[in-house]
Amino acid sequence: MASRRRNAGEWDASLRSVFEAPCARAGQVNDVYTYDEIPEGLRTQVVHIWGDTIGIPYVTSGPRGTTQKIQSTYQQIAKILRREYRVFTLTETNRDPDEDRHTFDELKLWFLTEGNTDRVLDAIELTARKIERVCSRHDYISPRRNNEELCKDAIAELNIRFKENGVGYQYSDGSIIRVDSQLIHTESVIPALTVLRDPAFERRRAVLDSAS
């Protein structure tokens with residue numbers, strides 16, 4: 001397969017092993033999702049998304065202060081998780097949790113090994129929200145002129161990865177939601193709101209109100 005140069009954050013679904021598996025299932029609809037486990041492969045893909053958008057300390061290039069900004073972003077995420085889980089560190093370590101330079105490694109190790117699915121989803125939600133609201137700003141990493149597009153693509157990739165791995169969650173409007181909840185919203189709530197806003201419904205309700 002001929003290779004081509006890709007921008008940071010661009011993923012290649014044309015890889016033979018990636019492309020042929022879905023093709024082999026052509027005509028079949030997989031509507032069975034799991035909700036109680038986030039597989040290791042999906043977690044690894046999420047960490048790659050972090051690297052593309054939030055960045056990797058001492059690896060992601062940028063102007064002076066880039067590494068410190070990346071470290072600070074991971075520290076903000078880790079502090080929220082530590083506080084909510086009532087711990088000082090997410091992993092067993094003798095390192096000072098207030099030292100930003102260790103936070104990415106701490107967060108990554110914890111995320112890849114954490115057994116509580118809800119907590120893993122917490123981390124995905126927090127990092128996706130940070131990507132969407134902070135890393136997408138034009139001044140997050142200055143040389144990247146396409147921060148907004150890069151982060152938008154990253155969120156789209158995250159949702160595709162959920163589906164590829166048969167995990168029934170999606171990120172939308174700042175939150176992780178179950179796919180079945182999304183379907184209920186699409187198939188029930190939105191049609192109901194449409195009916196309620198229909199002028200004909202308003203007229204019928206007015207008639208009923210006047211008769212009561």
# chains A, B, ... in the order shown; residues from 1 in each chain; ligands from 1
call {"tool": "residues_around", "arguments": {"residues": "range 146-153 of chain A", "least_positions_apart": "3", "cutoff": "6 Å", "atoms": "only C-alpha atoms", "output": "MDAnalysis selection string"}}
result
chainID A and resid 136 138 156
call {"tool": "residues_around", "arguments": {"residues": "range 37-53 of chain A", "least_positions_apart": "6", "cutoff": "7 Å", "atoms": "only C-alpha atoms", "output": "ChimeraX atom specification"}}
result
/A:8-9,112,117,131,135,151,154,158,161,165
call {"tool": "residues_around", "arguments": {"residues": "Ser172 in chain A", "least_positions_apart": "3", "cutoff": "12 Å", "atoms": "only C-alpha atoms", "output": "number ranges by chain"}}
result
A: 124-125, 128-129, 132, 152, 155-156, 158-159, 169, 175-179, 181-182
call {"tool": "write_last_selection", "arguments": {"atoms": "C-alpha atoms", "output": "compact mmCIF listing (two decimals), in the first residue's frame"}}
result
# COMPACT_ATOMS: atom_id res chain seq x y z
CA ILE A 124 -12.70 10.27 28.35
CA GLU A 125 -15.41 12.86 29.00
CA ALA A 128 -12.81 15.32 25.28
CA ARG A 129 -14.31 18.42 26.89
CA GLU A 132 -13.27 20.69 22.50
CA LYS A 152 -13.23 18.68 15.76
CA ILE A 155 -13.97 14.23 18.60
CA ALA A 156 -15.38 12.67 15.44
CA LEU A 158 -13.45 9.31 19.24
CA ASN A 159 -17.08 8.58 18.41
CA TYR A 169 -21.26 5.43 24.14
CA SER A 175 -20.96 14.68 27.89
CA ILE A 176 -20.62 10.96 27.33
CA ILE A 177 -24.04 9.48 26.56
CA ARG A 178 -25.25 5.94 26.02
CA VAL A 179 -26.17 5.12 22.44
CA SER A 181 -30.27 7.13 25.26
CA GLN A 182 -29.33 8.93 22.06
call {"tool": "select_by_dssp", "arguments": {"residues": "range 44-188 of chain A", "states": "alpha helix (DSSP H)", "output": "ChimeraX atom specification"}}
result
/A:44-53,66-85,103-113,117-130,147-164,179-184
call {"tool": "residues_around", "arguments": {"residues": "Tyr58 in chain A", "least_positions_apart": "4", "cutoff": "12 Å", "atoms": "only C-alpha atoms", "output": "MDAnalysis selection string"}}
result
chainID A and resid 51 62:71 101:102 104
call {"tool": "write_last_selection", "arguments": {"atoms": "N, CA and C atoms", "output": "PDB file, in the first residue's frame"}}
result
ATOM      1  N   GLY A  51      -2.643  12.736  22.512  1.00  0.00           N
ATOM      2  CA  GLY A  51      -1.358  13.204  22.006  1.00  0.00           C
ATOM      3  C   GLY A  51      -1.503  14.136  20.818  1.00  0.00           C
ATOM      4  N   GLY A  62       6.554  23.290  19.614  1.00  0.00           N
ATOM      5  CA  GLY A  62       5.855  24.557  19.738  1.00  0.00           C
ATOM      6  C   GLY A  62       6.778  25.609  20.302  1.00  0.00           C
ATOM      7  N   PRO A  63       6.268  26.809  20.492  1.00  0.00           N
ATOM      8  CA  PRO A  63       7.094  27.891  21.032  1.00  0.00           C
ATOM      9  C   PRO A  63       7.425  27.660  22.502  1.00  0.00           C
ATOM     10  N   ARG A  64       8.235  28.532  23.045  1.00  0.00           N
ATOM     11  CA  ARG A  64       8.601  28.431  24.459  1.00  0.00           C
ATOM     12  C   ARG A  64       7.341  28.371  25.327  1.00  0.00           C
ATOM     13  N   GLY A  65       7.310  27.429  26.234  1.00  0.00           N
ATOM     14  CA  GLY A  65       6.167  27.294  27.129  1.00  0.00           C
ATOM     15  C   GLY A  65       5.160  26.242  26.691  1.00  0.00           C
ATOM     16  N   THR A  66       5.377  25.633  25.513  1.00  0.00           N
ATOM     17  CA  THR A  66       4.418  24.637  25.016  1.00  0.00           C
ATOM     18  C   THR A  66       4.329  23.434  25.947  1.00  0.00           C
ATOM     19  N   THR A  67       5.472  22.894  26.347  1.00  0.00           N
ATOM     20  CA  THR A  67       5.461  21.727  27.235  1.00  0.00           C
ATOM     21  C   THR A  67       4.780  22.059  28.555  1.00  0.00           C
ATOM     22  N   GLN A  68       5.046  23.243  29.094  1.00  0.00           N
ATOM     23  CA  GLN A  68       4.420  23.640  30.355  1.00  0.00           C
ATOM     24  C   GLN A  68       2.902  23.750  30.205  1.00  0.00           C
ATOM     25  N   LYS A  69       2.455  24.254  29.066  1.00  0.00           N
ATOM     26  CA  LYS A  69       1.015  24.370  28.825  1.00  0.00           C
ATOM     27  C   LYS A  69       0.367  22.990  28.744  1.00  0.00           C
ATOM     28  N   ILE A  70       1.024  22.070  28.057  1.00  0.00           N
ATOM     29  CA  ILE A  70       0.506  20.703  27.938  1.00  0.00           C
ATOM     30  C   ILE A  70       0.467  20.034  29.309  1.00  0.00           C
ATOM     31  N   GLN A  71       1.546  20.177  30.067  1.00  0.00           N
ATOM     32  CA  GLN A  71       1.592  19.582  31.403  1.00  0.00           C
ATOM     33  C   GLN A  71       0.494  20.149  32.295  1.00  0.00           C
ATOM     34  N   ARG A 101       5.259  17.774  35.651  1.00  0.00           N
ATOM     35  CA  ARG A 101       6.025  17.014  34.663  1.00  0.00           C
ATOM     36  C   ARG A 101       5.751  15.514  34.709  1.00  0.00           C
ATOM     37  N   HIS A 102       5.147  15.025  35.812  1.00  0.00           N
ATOM     38  CA  HIS A 102       4.859  13.595  35.911  1.00  0.00           C
ATOM     39  C   HIS A 102       3.395  13.262  35.607  1.00  0.00           C
ATOM     40  N   PHE A 104       1.234  13.535  33.018  1.00  0.00           N
ATOM     41  CA  PHE A 104       0.810  12.807  31.817  1.00  0.00           C
ATOM     42  C   PHE A 104       1.043  11.310  31.991  1.00  0.00           C
TER      43      PHE A 104
END
call {"tool": "atom_distance", "arguments": {"atom1": "CA of Gly166 in chain A", "atom2": "CA of Asp180 in chain A"}}
result
12.9 Å
call {"tool": "residues_around", "arguments": {"residues": "Val87 in chain A", "least_positions_apart": "6", "cutoff": "12 Å", "atoms": "only C-alpha atoms", "output": "ChimeraX atom specification"}}
result
/A:78-81,97
call {"tool": "write_last_selection", "arguments": {"atoms": "C-alpha atoms", "output": "PDB file, in the first residue's frame"}}
result
ATOM      1  CA  ALA A  78      -5.846  14.774  36.954  1.00  0.00           C
ATOM      2  CA  LYS A  79      -6.694  17.115  39.841  1.00  0.00           C
ATOM      3  CA  ILE A  80     -10.407  16.819  39.099  1.00  0.00           C
ATOM      4  CA  LEU A  81     -10.194  13.024  39.039  1.00  0.00           C
ATOM      5  CA  PRO A  97       1.405  14.886  42.478  1.00  0.00           C
TER       6      PRO A  97
END
call {"tool": "closest_residue", "arguments": {"among": "A:Lys108, A:Arg119, A:Arg133, A:Arg83", "to": "Asp173 in chain A", "atoms": "only C-alpha atoms"}}
result
A:Arg133
